[in-house]
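Dumped data-v1.tsv below, it's TSV, C-alpha atoms and all ligand atoms:
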chain	number	residue	atom	x	y	z
A	21	MET	CA	-6.23	0.86	-15.53
A	22	ILE	CA	-6.86	3.10	-12.52
A	23	GLY	CA	-10.47	4.03	-11.73
A	24	THR	CA	-13.17	4.39	-9.09
A	25	ASP	CA	-15.81	2.02	-10.48
A	26	ILE	CA	-16.65	-0.42	-7.67
A	27	GLN	CA	-19.00	-2.50	-9.86
A	28	LYS	CA	-16.28	-2.94	-12.44
A	29	ALA	CA	-13.87	-4.11	-9.73
A	30	ALA	CA	-16.53	-6.59	-8.52
A	31	ASP	CA	-17.03	-7.93	-12.06
A	32	PHE	CA	-13.31	-8.59	-12.50
A	33	LEU	CA	-13.10	-10.32	-9.12
A	34	GLN	CA	-16.13	-12.48	-9.93
A	35	SER	CA	-14.32	-13.78	-13.00
A	36	ASP	CA	-11.20	-14.72	-10.96
A	37	ALA	CA	-9.17	-11.70	-12.14
A	38	LEU	CA	-7.14	-9.64	-9.64
A	39	VAL	CA	-7.92	-6.06	-8.63
A	40	ALA	CA	-5.84	-3.73	-6.47
A	41	ILE	CA	-8.02	-2.30	-3.71
A	42	PRO	CA	-7.64	0.63	-1.33
A	43	THR	CA	-7.65	0.01	2.42
A	44	GLU	CA	-6.86	2.36	5.30
A	45	THR	CA	-3.46	0.68	5.81
A	46	VAL	CA	-1.91	0.01	2.37
A	47	TYR	CA	-3.28	-1.03	-1.03
A	48	GLY	CA	-4.02	-4.74	-1.39
A	49	LEU	CA	-3.73	-7.07	-4.38
A	50	ALA	CA	-7.10	-8.80	-4.14
A	51	GLY	CA	-8.59	-12.00	-5.51
A	52	ASN	CA	-11.41	-14.40	-4.61
A	53	ALA	CA	-10.16	-16.18	-1.47
A	54	TYR	CA	-12.26	-19.28	-2.28
A	55	SER	CA	-10.76	-19.64	-5.74
A	56	SER	CA	-7.42	-21.48	-5.75
A	57	ARG	CA	-6.88	-20.15	-9.25
A	58	ALA	CA	-7.26	-16.49	-8.25
A	59	VAL	CA	-5.11	-17.03	-5.16
A	60	ALA	CA	-2.39	-18.72	-7.21
A	61	SER	CA	-2.23	-15.72	-9.51
A	62	ILE	CA	-1.76	-13.40	-6.50
A	63	PHE	CA	1.42	-15.33	-5.58
A	64	ASP	CA	2.44	-15.21	-9.21
A	65	VAL	CA	1.99	-11.47	-9.77
A	66	LYS	CA	3.71	-10.59	-6.47
A	67	LYS	CA	6.49	-13.14	-6.99
A	68	ARG	CA	5.72	-14.16	-3.44
A	69	PRO	CA	7.06	-17.45	-2.08
A	70	SER	CA	4.24	-19.93	-1.50
A	71	PHE	CA	5.19	-20.38	2.18
A	72	ASP	CA	4.08	-16.79	2.98
A	73	PRO	CA	0.31	-16.89	3.66
A	74	LEU	CA	-2.32	-14.26	2.77
A	75	ILE	CA	-4.78	-12.22	4.82
A	76	ILE	CA	-8.44	-12.58	3.91
A	77	HIS	CA	-10.67	-9.52	3.94
A	78	THR	CA	-14.35	-9.36	4.71
A	79	ASN	CA	-16.82	-6.56	5.40
A	80	HIS	CA	-18.57	-7.74	8.53
A	81	PHE	CA	-17.70	-9.50	11.76
A	82	SER	CA	-20.77	-11.72	11.41
A	83	ARG	CA	-19.19	-13.28	8.32
A	84	LEU	CA	-16.20	-14.57	10.31
A	85	GLU	CA	-18.01	-17.80	11.16
A	86	GLU	CA	-17.80	-18.69	7.48
A	87	PHE	CA	-14.00	-19.01	7.75
A	88	VAL	CA	-13.02	-19.67	11.36
A	89	SER	CA	-14.02	-22.27	13.91
A	90	ASP	CA	-13.04	-20.90	17.31
A	91	ILE	CA	-13.48	-17.26	18.29
A	92	PRO	CA	-11.98	-16.50	21.74
A	93	GLU	CA	-13.84	-14.10	24.05
A	94	LYS	CA	-11.04	-11.53	23.75
A	95	VAL	CA	-11.65	-11.30	20.01
A	96	TYR	CA	-15.20	-10.09	20.61
A	97	LEU	CA	-13.87	-7.37	22.89
A	98	LEU	CA	-11.30	-6.29	20.29
A	99	ALA	CA	-13.79	-6.43	17.45
A	100	GLN	CA	-16.25	-4.18	19.28
A	101	GLN	CA	-13.76	-1.35	19.45
A	102	LEU	CA	-11.24	-1.91	16.70
A	103	MET	CA	-12.98	-3.49	13.72
A	104	PRO	CA	-13.25	-2.37	10.98
A	105	GLY	CA	-9.69	-1.17	11.43
A	106	PRO	CA	-5.98	-1.95	11.03
A	107	LEU	CA	-6.12	-5.19	13.02
A	108	THR	CA	-5.72	-8.73	11.65
A	109	LEU	CA	-6.86	-11.79	13.61
A	110	LEU	CA	-5.15	-15.16	13.30
A	111	LEU	CA	-7.74	-17.84	14.09
A	112	PRO	CA	-8.27	-21.58	13.40
A	113	LYS	CA	-9.53	-21.91	9.84
A	114	LYS	CA	-12.48	-23.83	8.47
A	115	LYS	CA	-12.06	-26.27	5.59
A	116	ARG	CA	-13.56	-24.01	2.96
A	117	VAL	CA	-10.54	-21.67	3.14
A	118	PRO	CA	-8.15	-23.21	0.60
A	119	ASP	CA	-4.79	-24.35	2.00
A	120	ILE	CA	-2.98	-22.21	-0.56
A	121	VAL	CA	-4.31	-19.09	1.26
A	122	THR	CA	-2.76	-20.09	4.59
A	123	ALA	CA	0.32	-21.81	3.13
A	124	GLY	CA	-0.88	-25.01	4.76
A	125	SER	CA	-1.26	-23.51	8.24
A	126	PRO	CA	-4.33	-24.45	10.31
A	127	ARG	CA	-4.80	-20.75	11.13
A	128	VAL	CA	-6.14	-18.08	8.81
A	129	ALA	CA	-5.53	-14.32	9.02
A	130	ILE	CA	-8.65	-12.16	8.72
A	131	ARG	CA	-9.32	-8.48	8.73
A	132	ILE	CA	-12.10	-5.96	8.09
A	133	PRO	CA	-10.57	-2.98	6.28
A	134	ASN	CA	-11.80	0.44	7.35
A	135	HIS	CA	-12.19	1.99	3.92
A	136	PRO	CA	-15.60	2.85	2.47
A	137	MET	CA	-14.78	1.66	-1.07
A	138	ALA	CA	-13.29	-1.63	0.12
A	139	LEU	CA	-16.33	-2.24	2.34
A	140	GLN	CA	-18.75	-1.46	-0.48
A	141	LEU	CA	-16.88	-3.75	-2.82
A	142	LEU	CA	-16.85	-6.60	-0.27
A	143	SER	CA	-20.58	-6.19	0.35
A	144	LYS	CA	-21.22	-6.81	-3.37
A	145	LEU	CA	-19.32	-10.12	-3.31
A	146	ASP	CA	-20.41	-13.46	-1.92
A	147	PHE	CA	-16.81	-14.44	-1.24
A	148	PRO	CA	-14.04	-12.86	0.87
A	149	LEU	CA	-10.93	-11.37	-0.74
A	150	ALA	CA	-7.43	-12.67	-0.20
A	151	ALA	CA	-5.13	-9.67	-0.40
A	152	PRO	CA	-1.47	-9.15	0.41
A	153	SER	CA	0.01	-5.68	0.05
A	154	ALA	CA	0.07	-4.77	-3.66
A	155	ASN	CA	3.85	-4.60	-4.11
A	156	PRO	CA	6.41	-7.01	-5.54
A	157	PHE	CA	7.57	-9.31	-2.72
A	158	GLY	CA	10.10	-7.66	-0.42
A	159	TYR	CA	9.52	-4.11	-1.65
A	160	ILE	CA	7.83	-1.17	0.08
A	161	SER	CA	4.02	-1.41	0.40
A	162	PRO	CA	1.96	0.98	-1.79
A	163	THR	CA	-0.04	3.77	-0.16
A	164	THR	CA	-1.50	5.29	-3.36
A	165	ALA	CA	-3.08	3.85	-6.52
A	166	GLN	CA	-0.19	5.35	-8.49
A	167	HIS	CA	2.34	3.34	-6.43
A	168	VAL	CA	0.50	0.16	-7.43
A	169	ASN	CA	0.32	1.23	-11.05
A	170	ASP	CA	4.07	1.95	-11.17
A	171	GLN	CA	4.96	-1.65	-10.30
A	172	LEU	CA	2.02	-3.91	-11.07
A	173	GLY	CA	-0.04	-1.80	-13.51
A	174	ASN	CA	0.68	-3.95	-16.54
A	175	GLN	CA	-0.10	-7.22	-14.76
A	176	ILE	CA	-3.59	-6.55	-13.39
A	177	PRO	CA	-6.73	-5.31	-15.19
A	178	TYR	CA	-7.92	-2.78	-12.62
A	179	ILE	CA	-6.73	-0.61	-9.72
A	180	LEU	CA	-9.53	0.79	-7.58
A	181	ASP	CA	-8.45	4.28	-6.51
A	182	GLY	CA	-9.54	5.20	-3.00
A	183	GLY	CA	-7.01	8.00	-2.46
A	184	PRO	CA	-3.92	7.94	-0.25
A	185	CYS	CA	-4.09	5.47	2.64
A	186	HIS	CA	-5.12	7.06	5.91
A	187	ILE	CA	-2.93	4.89	8.18
A	188	GLY	CA	-0.02	4.16	5.82
A	189	LEU	CA	1.34	1.06	7.61
A	190	GLU	CA	0.10	-2.53	7.45
A	191	SER	CA	-2.30	-3.91	10.04
A	192	THR	CA	-1.25	-5.23	13.42
A	193	ILE	CA	-1.47	-9.05	13.49
A	194	ILE	CA	-2.70	-10.74	16.66
A	195	GLY	CA	-3.26	-14.41	17.41
A	196	PHE	CA	-3.74	-16.63	20.45
A	197	GLU	CA	-1.58	-19.47	21.72
A	198	GLU	CA	-3.21	-21.49	24.50
A	199	GLY	CA	-5.54	-18.55	25.01
A	200	ALA	CA	-2.76	-16.00	25.43
A	201	PRO	CA	-2.75	-13.07	22.98
A	202	ILE	CA	0.41	-12.61	20.92
A	203	ILE	CA	1.22	-9.81	18.52
A	204	TYR	CA	3.11	-11.18	15.54
A	205	ARG	CA	3.41	-7.97	13.56
A	206	LYS	CA	3.37	-4.42	14.88
A	207	GLY	CA	1.17	-2.24	12.73
A	208	GLY	CA	-1.55	0.35	12.41
A	209	THR	CA	-3.24	-0.52	15.72
A	210	PRO	CA	-0.84	0.39	18.55
A	211	VAL	CA	-0.05	-2.34	21.09
A	212	GLU	CA	-1.06	0.08	23.87
A	213	GLN	CA	-4.56	0.37	22.42
A	214	ILE	CA	-4.94	-3.42	22.32
A	215	GLU	CA	-3.68	-3.75	25.89
A	216	SER	CA	-6.18	-1.16	27.09
A	217	ILE	CA	-8.94	-3.51	25.90
A	218	ILE	CA	-7.71	-7.04	26.70
A	219	GLY	CA	-4.83	-6.48	29.12
A	220	PRO	CA	-1.16	-7.40	28.64
A	221	VAL	CA	-0.15	-8.98	25.33
A	222	HIS	CA	3.12	-10.59	24.38
A	223	VAL	CA	4.89	-9.02	21.39
A	224	ARG	CA	6.94	-11.68	19.70
A	225	PRO	CA	10.06	-10.28	18.10
A	226	HIS	CA	10.29	-10.99	14.39
A	227	SER	CA	12.72	-13.54	13.16
A	228	SER	CA	14.56	-13.96	9.93
A	229	SER	CA	15.06	-17.67	10.43
A	230	ASN	CA	11.41	-18.55	10.74
A	231	PRO	CA	9.47	-17.18	7.81
A	232	GLN	CA	6.39	-19.06	9.04
A	233	ALA	CA	6.13	-16.54	11.84
A	234	PRO	CA	3.85	-13.79	10.63
A	235	GLY	CA	5.44	-10.42	10.18
A	236	MET	CA	8.08	-12.58	8.82
A	237	LEU	CA	11.24	-12.15	6.96
A	238	LYS	CA	13.58	-9.70	8.55
A	239	SER	CA	14.61	-7.87	5.40
A	240	HIS	CA	11.48	-6.35	3.93
A	241	TYR	CA	10.09	-3.01	2.86
A	242	ALA	CA	13.51	-2.49	1.36
A	243	PRO	CA	14.34	0.36	-1.02
A	244	SER	CA	16.87	-0.52	-3.74
A	245	ALA	CA	19.36	2.02	-2.42
A	246	GLY	CA	20.78	0.80	0.90
A	247	LEU	CA	19.25	2.23	4.06
A	248	GLU	CA	21.21	2.80	7.27
A	249	LEU	CA	19.77	3.66	10.65
A	250	GLY	CA	21.43	5.52	13.49
A	251	ASN	CA	22.59	8.92	14.63
A	252	ILE	CA	22.19	11.17	11.58
A	253	ASN	CA	25.19	13.40	12.28
A	254	GLU	CA	27.53	10.44	12.66
A	255	LEU	CA	26.09	8.68	9.60
A	256	ILE	CA	26.46	11.79	7.43
A	257	GLU	CA	30.09	12.03	8.46
A	258	GLN	CA	30.72	8.34	7.69
A	259	HIS	CA	29.20	8.70	4.22
A	260	SER	CA	30.72	12.04	3.25
A	261	GLY	CA	31.31	12.36	-0.49
A	262	LYS	CA	28.26	10.23	-1.30
A	263	LYS	CA	24.87	11.30	-2.65
A	264	ILE	CA	22.83	10.92	0.52
A	265	GLY	CA	19.08	10.78	1.12
A	266	LEU	CA	17.63	11.42	4.57
A	267	ILE	CA	14.49	10.28	6.38
A	268	ARG	CA	14.00	12.38	9.49
A	269	PHE	CA	11.18	12.69	11.99
A	270	ARG	CA	10.71	16.45	12.50
A	271	ASN	CA	13.37	18.68	10.88
A	272	HIS	CA	15.51	19.03	7.81
A	273	HIS	CA	19.27	18.71	8.22
A	274	ASP	CA	21.42	21.53	6.89
A	275	MET	CA	24.20	19.29	5.51
A	276	VAL	CA	22.03	17.63	2.83
A	277	PRO	CA	20.06	19.26	-0.05
A	278	ILE	CA	16.40	19.70	0.91
A	279	SER	CA	15.25	17.82	-2.22
A	280	GLN	CA	17.04	14.70	-0.91
A	281	GLN	CA	15.27	14.77	2.44
A	282	VAL	CA	11.95	13.42	3.68
A	283	VAL	CA	10.65	14.94	6.91
A	284	LEU	CA	7.91	12.70	8.31
A	285	SER	CA	6.07	15.21	10.50
A	286	THR	CA	7.20	18.74	11.35
A	287	VAL	CA	4.63	18.83	14.16
A	288	GLY	CA	5.90	15.55	15.60
A	289	SER	CA	2.76	13.51	14.91
A	290	LEU	CA	3.40	9.76	14.70
A	291	HIS	CA	0.13	9.38	12.80
A	292	GLU	CA	1.31	11.78	10.10
A	293	ALA	CA	4.75	10.14	10.11
A	294	ALA	CA	3.16	6.72	9.49
A	295	GLN	CA	1.09	8.13	6.61
A	296	ARG	CA	4.20	9.53	4.94
A	297	LEU	CA	6.83	6.87	5.59
A	298	PHE	CA	6.37	4.51	2.64
A	299	ALA	CA	5.72	7.28	0.08
A	300	GLY	CA	8.85	9.01	1.38
A	301	MET	CA	10.94	5.86	1.01
A	302	ARG	CA	9.70	5.43	-2.57
A	303	GLN	CA	10.39	9.07	-3.41
A	304	LEU	CA	14.00	8.80	-2.26
A	305	ASP	CA	14.39	5.43	-3.95
A	306	GLN	CA	13.68	7.07	-7.33
A	307	MET	CA	16.50	9.61	-6.92
A	308	LYS	CA	19.48	7.36	-7.66
A	309	LEU	CA	21.05	8.03	-4.29
A	310	ASP	CA	24.13	6.19	-3.01
A	311	ILE	CA	22.59	5.66	0.41
A	312	ILE	CA	19.51	6.56	2.47
A	313	LEU	CA	20.12	7.49	6.11
A	314	ALA	CA	17.33	7.44	8.66
A	315	GLU	CA	16.69	7.94	12.34
A	316	LEU	CA	14.21	6.15	14.57
A	317	VAL	CA	11.09	7.91	15.85
A	318	PRO	CA	9.89	7.69	19.51
A	319	GLU	CA	9.24	4.02	20.42
A	320	GLU	CA	5.59	4.45	21.44
A	321	GLY	CA	2.16	4.09	19.82
A	322	LEU	CA	2.45	3.99	16.02
A	323	GLY	CA	6.15	4.79	16.47
A	324	ARG	CA	6.78	1.13	17.32
A	325	ALA	CA	5.47	0.03	13.92
A	326	ILE	CA	7.29	2.85	12.10
A	327	ASN	CA	10.57	1.81	13.75
A	328	ASP	CA	9.90	-1.84	12.91
A	329	ARG	CA	9.56	-0.97	9.21
A	330	LEU	CA	12.68	1.20	9.29
A	331	ARG	CA	14.67	-1.64	10.90
A	332	ARG	CA	13.47	-4.11	8.28
A	333	ALA	CA	14.25	-1.68	5.48
A	334	ALA	CA	17.78	-1.44	6.91
A	335	ALA	CA	18.20	-5.20	7.39
A	336	LYS	CA	20.37	-7.07	4.93
A	337	GLY	CA	19.38	-10.54	3.80
A	401	LIG	O1	-2.74	-3.98	6.34
A	401	LIG	C1	-2.58	-5.11	5.89
A	401	LIG	O2	-2.55	-6.11	6.61
A	401	LIG	C2	-2.44	-5.24	4.36
A	401	LIG	C3	-3.75	-4.83	3.70
A	401	LIG	C4	-3.74	-5.01	2.21
A	401	LIG	O3	-4.80	-5.53	4.30
A	401	LIG	N1	-2.07	-6.56	4.00
A	401	LIG	C5	-0.82	-7.07	4.22
A	401	LIG	O4	-0.65	-8.33	3.70
A	401	LIG	O5	0.06	-6.45	4.77
A	401	LIG	P1	0.76	-9.01	3.50
A	401	LIG	O6	0.46	-10.29	2.83
A	401	LIG	O7	1.67	-8.09	2.80
A	401	LIG	O8	1.25	-9.32	4.94
A	401	LIG	C6	0.51	-10.23	5.73
A	401	LIG	C7	1.39	-11.05	6.62
A	401	LIG	C8	2.22	-12.02	5.83
A	401	LIG	O9	3.55	-11.65	5.79
A	401	LIG	C9	2.05	-13.35	6.52
A	401	LIG	O10	3.26	-13.88	6.98
A	401	LIG	C10	1.11	-13.07	7.67
A	401	LIG	O11	0.54	-11.83	7.44
A	401	LIG	N2	0.07	-14.10	7.65
A	401	LIG	C11	-1.00	-14.15	6.85
A	401	LIG	N3	-1.71	-15.28	7.07
A	401	LIG	C12	-1.06	-15.96	8.03
A	401	LIG	C13	-1.26	-17.22	8.67
A	401	LIG	N4	-2.29	-18.01	8.38
A	401	LIG	N5	-0.37	-17.60	9.61
A	401	LIG	C14	0.68	-16.83	9.89
A	401	LIG	N6	0.93	-15.64	9.31
A	401	LIG	C15	0.09	-15.20	8.41
A	402	MG	MG	3.37	-7.11	2.39
For the file at hand, write its structure as structure tokens.
Ligand code: TXA
Ligand code: MG
Amino acid sequence: MIGTDIQKAADFLQSDALVAIPTETVYGLAGNAYSSRAVASIFDVKKRPSFDPLIIHTNHFSRLEEFVSDIPEKVYLLAQQLMPGPLTLLLPKKKRVPDIVTAGSPRVAIRIPNHPMALQLLSKLDFPLAAPSANPFGYISPTTAQHVNDQLGNQIPYILDGGPCHIGLESTIIGFEEGAPIIYRKGGTPVEQIESIIGPVHVRPHSSSNPQAPGMLKSHYAPSAGLELGNINELIEQHSGKKIGLIRFRNHHDMVPISQQVVLSTVGSLHEAAQRLFAGMRQLDQMKLDIILAELVPEEGLGRAINDRLRRAAAKG
């Protein structure tokens, strides 16, 4: 059931049931992070491999001490300006965070979502929420309550509807190795913004061979129709005769029917493009196309995360 009753969502969560929750990035599939039973059912519903750990969500920075043991100075600087927001911190975990949440890792991922309903819900609970994106493993993340309902609606009792996600891409994940900041997943907080606060950070390229590395498996966010990236004119020529879908940054292309095209932002805004990307991929994926062709957006700001998701959607295996 889809609804806007925060108390009802809290009641379900208190009894170890799962609830899909809105955040500013994407919808999450939430359960009590301190309950191994609730967390196990998250893996179950998502069909997520148990080696892929979950982010825990809380409503206030002061609650971090409940879960983590060592907070580097740079984290305070980031938190001051960027939290709540689309930023996830990887920090050494305390014992009370069950190992199933972190897939056995000594570090736990934590974030404070910047969504009024999520924050209200969290403030009613005396436990944090473990929540991966509310999609079946490997598929595109949901940015509306309806997206969640389409795929997981019959497996969870409640979907809290907070409207379309304002950011539209998952959070940026940052951790520290020997004190040095490392970005493991590009996301809703641009790298440039982080660097303006704490100085240079290393962005570790994702790897398909090491699923333990956050940001993770190379092929992800994948529509069922294949997706190819490159120069649109050349790709259209290569695939002539096929039913083609297009994802473009600013303009429609005159060789493909308009109804088979998603234009991310006619005004060239990367923020708007990020908001529309996943919904656009889903829309095309429902059209029984032979192939989806896409072009990269400028590699700056949110564009770096948009391009990362496009590359993963295009990756095979
Ligand atoms: O914006 C977001 O981050 C959304 C919303 C719902 O908060 N959540 C999200 O969760 O994208 P998920 O599970 O789809 O992606 C989180 C990624 C995982 O792929 C995982 O590899 C990494 O974060 N991660 C989580 N905990 C980790 C840990 N302890 N160590 C390494 N990587 C971790
Ligand atoms: Mg996900």
Query raised in the report: Any idea what's packed within 9 Å of Arg116 of chain A, counting all atoms listed in the file, ignoring anything in its chain fewer than 2 positions away? Could you give it as a list in words?
Result: Tyr54, Glu86, Phe87, Lys113, Lys114, Pro118 and Asp119 of chain A
Using all atoms listed in the file, find each residue in chain A having at least one atom no more than 6 Å away from ligand LIG 401 (chain A); report its shortest atom-to-atom pair and that distance in Å (one decimal), rows by chain then rising number, as JSON lines.
{"residue": "A:Thr45", "atom": "CA", "partner": "A:LIG401", "partner_atom": "O1", "distance": 4.7}
{"residue": "A:Val46", "atom": "CA", "partner": "A:LIG401", "partner_atom": "C4", "distance": 5.3}
{"residue": "A:Tyr47", "atom": "CA", "partner": "A:LIG401", "partner_atom": "C4", "distance": 5.2}
{"residue": "A:Gly48", "atom": "CA", "partner": "A:LIG401", "partner_atom": "C4", "distance": 3.6}
{"residue": "A:Asp72", "atom": "CA", "partner": "A:LIG401", "partner_atom": "O10", "distance": 5.0}
{"residue": "A:Pro73", "atom": "CA", "partner": "A:LIG401", "partner_atom": "N3", "distance": 4.3}
{"residue": "A:Leu74", "atom": "CA", "partner": "A:LIG401", "partner_atom": "C11", "distance": 4.3}
{"residue": "A:Ile75", "atom": "CA", "partner": "A:LIG401", "partner_atom": "C11", "distance": 4.7}
{"residue": "A:Thr122", "atom": "CA", "partner": "A:LIG401", "partner_atom": "N4", "distance": 4.3}
{"residue": "A:Ser125", "atom": "CA", "partner": "A:LIG401", "partner_atom": "N4", "distance": 5.6}
{"residue": "A:Arg127", "atom": "CA", "partner": "A:LIG401", "partner_atom": "N4", "distance": 4.6}
{"residue": "A:Val128", "atom": "CA", "partner": "A:LIG401", "partner_atom": "N4", "distance": 3.9}
{"residue": "A:Ala129", "atom": "CA", "partner": "A:LIG401", "partner_atom": "N3", "distance": 4.4}
{"residue": "A:Ala151", "atom": "CA", "partner": "A:LIG401", "partner_atom": "C4", "distance": 5.5}
{"residue": "A:Pro152", "atom": "CA", "partner": "A:LIG401", "partner_atom": "O6", "distance": 3.3}
{"residue": "A:Ser153", "atom": "CA", "partner": "A:LIG401", "partner_atom": "O7", "distance": 4.0}
{"residue": "A:Glu190", "atom": "CA", "partner": "A:LIG401", "partner_atom": "O1", "distance": 3.4}
{"residue": "A:Ser191", "atom": "CA", "partner": "A:LIG401", "partner_atom": "O1", "distance": 3.7}
{"residue": "A:Ala233", "atom": "CA", "partner": "A:LIG401", "partner_atom": "C14", "distance": 5.8}
{"residue": "A:Pro234", "atom": "CA", "partner": "A:LIG401", "partner_atom": "O10", "distance": 3.7}
{"residue": "A:Gly235", "atom": "CA", "partner": "A:LIG401", "partner_atom": "O9", "distance": 4.9}
{"residue": "A:Met236", "atom": "CA", "partner": "A:LIG401", "partner_atom": "O10", "distance": 5.3}
Using all atoms of segment 308-323 of chain A that appear in the file, construct an axis-aligned enclosing box with 3 Å of padding on every side and provide its centre coordinates and edge lengths in Å, rounded to one decimal, as JSON.
{"center_x": 13.1, "center_y": 6.0, "center_z": 6.9, "size_x": 28.0, "size_y": 10.0, "size_z": 35.1}
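The shortest atom-to-atom distance to Val65 of chain A, with only C-alpha atoms taken into account, belongs to A:Asn155 out of A:Thr164, A:Thr24, A:Asn155, A:Thr209.
Proximity of A:Ala53, A:Leu102, A:Ile132, A:Ile179 to Phe81 of chain A, computed with only C-alpha atoms, is greatest for A:Ile132.
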Query raised in the report: Pick from A:Leu316, A:Ala165, A:Ala37, A:Ile194: nearest to Ile214 of chain A, with all atoms listed in the file counted?
Result: A:Ile194
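Nearest residue to Arg270 of chain A, choosing from A:Met301, A:Lys94, A:Val317, A:Asn253 and counting all atoms listed in the file: A:Val317.
With all atoms listed in the file as the atoms that count, the residue of A:Ser161, A:Ser89, A:Ser216, A:Asn251 with the shortest distance to ligand MG 402 (chain A) is A:Ser161.
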Query raised in the report: Quick one, how far is atom CA of Met21 of chain A from atom CA of Ala245 of chain A?
Result: 28.8 Å
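Between Glu320 of chain A and the candidates A:Gln213, A:Thr43, A:Gln100, A:Asn79, the tightest atom-to-atom separation, counting only C-alpha atoms, involves A:Gln213.
Put simply, atom CA of Arg331 of chain A is 23.7 Å away from atom CA of Pro184 of chain A.
When atom CA of Ile326 of chain A is paired with atom CA of Leu149 of chain A, their separation reads 26.4 Å.
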Requested in this report: Taking (1.3, 14.6, 15.0) in the file's own coordinates, collect the residues within 12 Å, counting all atoms listed in the file, and hand them back as number ranges by chain.
Outcome: A: 269-270, 284-296, 317-318, 321-323
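Using only C-alpha atoms, the protein and nucleic acid residues lying no more than 9 Å from Pro136 of chain A, apart from those fewer than 4 places from it along its own chain, are Thr43, Gln140, Leu141 and Gly182 of chain A.
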Please dump the current selection as a PDB file, in the coordinates of the input; keep C-alpha atoms.
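Saved the output as result.pdb:
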ATOM      1  CA  THR A  43      -7.650   0.010   2.420  1.00  0.00           C
ATOM      2  CA  GLN A 140     -18.750  -1.460  -0.480  1.00  0.00           C
ATOM      3  CA  LEU A 141     -16.880  -3.750  -2.820  1.00  0.00           C
ATOM      4  CA  GLY A 182      -9.540   5.200  -3.000  1.00  0.00           C
TER       5      GLY A 182
END
Please fill the gaps in segment 278-289 of chain A so it has N, CA, C and O atoms, and write that as a CSV table (one decimal), in the coordinates of the input.
chain,number,residue,atom,x,y,z
A,278,ILE,N,17.8,19.9,0.5
A,278,ILE,CA,16.4,19.7,0.9
A,278,ILE,C,15.7,18.7,0.0
A,278,ILE,O,14.9,17.8,0.5
A,279,SER,N,16.0,18.7,-1.3
A,279,SER,CA,15.2,17.8,-2.2
A,279,SER,C,15.6,16.3,-2.0
A,279,SER,O,14.9,15.5,-2.4
A,280,GLN,N,16.7,16.1,-1.2
A,280,GLN,CA,17.0,14.7,-0.9
A,280,GLN,C,16.6,14.3,0.5
A,280,GLN,O,17.1,13.3,1.0
A,281,GLN,N,15.7,15.1,1.1
A,281,GLN,CA,15.3,14.8,2.4
A,281,GLN,C,13.8,14.6,2.5
A,281,GLN,O,13.0,15.3,1.9
A,282,VAL,N,13.4,13.6,3.4
A,282,VAL,CA,12.0,13.4,3.7
A,282,VAL,C,11.8,13.7,5.2
A,282,VAL,O,12.4,13.1,6.0
A,283,VAL,N,11.0,14.7,5.5
A,283,VAL,CA,10.6,14.9,6.9
A,283,VAL,C,9.3,14.4,7.2
A,283,VAL,O,8.3,14.7,6.5
A,284,LEU,N,9.2,13.5,8.1
A,284,LEU,CA,7.9,12.7,8.3
A,284,LEU,C,6.8,13.5,8.9
A,284,LEU,O,5.6,13.4,8.6
A,285,SER,N,7.1,14.4,9.9
A,285,SER,CA,6.1,15.2,10.5
A,285,SER,C,6.7,16.4,11.3
A,285,SER,O,7.2,16.2,12.3
A,286,THR,N,6.6,17.6,10.7
A,286,THR,CA,7.2,18.7,11.4
A,286,THR,C,6.6,19.0,12.7
A,286,THR,O,7.2,19.6,13.6
A,287,VAL,N,5.3,18.6,12.9
A,287,VAL,CA,4.6,18.8,14.2
A,287,VAL,C,4.8,17.7,15.1
A,287,VAL,O,4.4,17.7,16.3
A,288,GLY,N,5.6,16.7,14.7
A,288,GLY,CA,5.9,15.6,15.6
A,288,GLY,C,4.7,14.6,15.8
A,288,GLY,O,4.7,13.9,16.8
A,289,SER,N,3.9,14.4,14.8
A,289,SER,CA,2.8,13.5,14.9
A,289,SER,C,3.2,12.1,14.3
A,289,SER,O,3.5,12.0,13.2
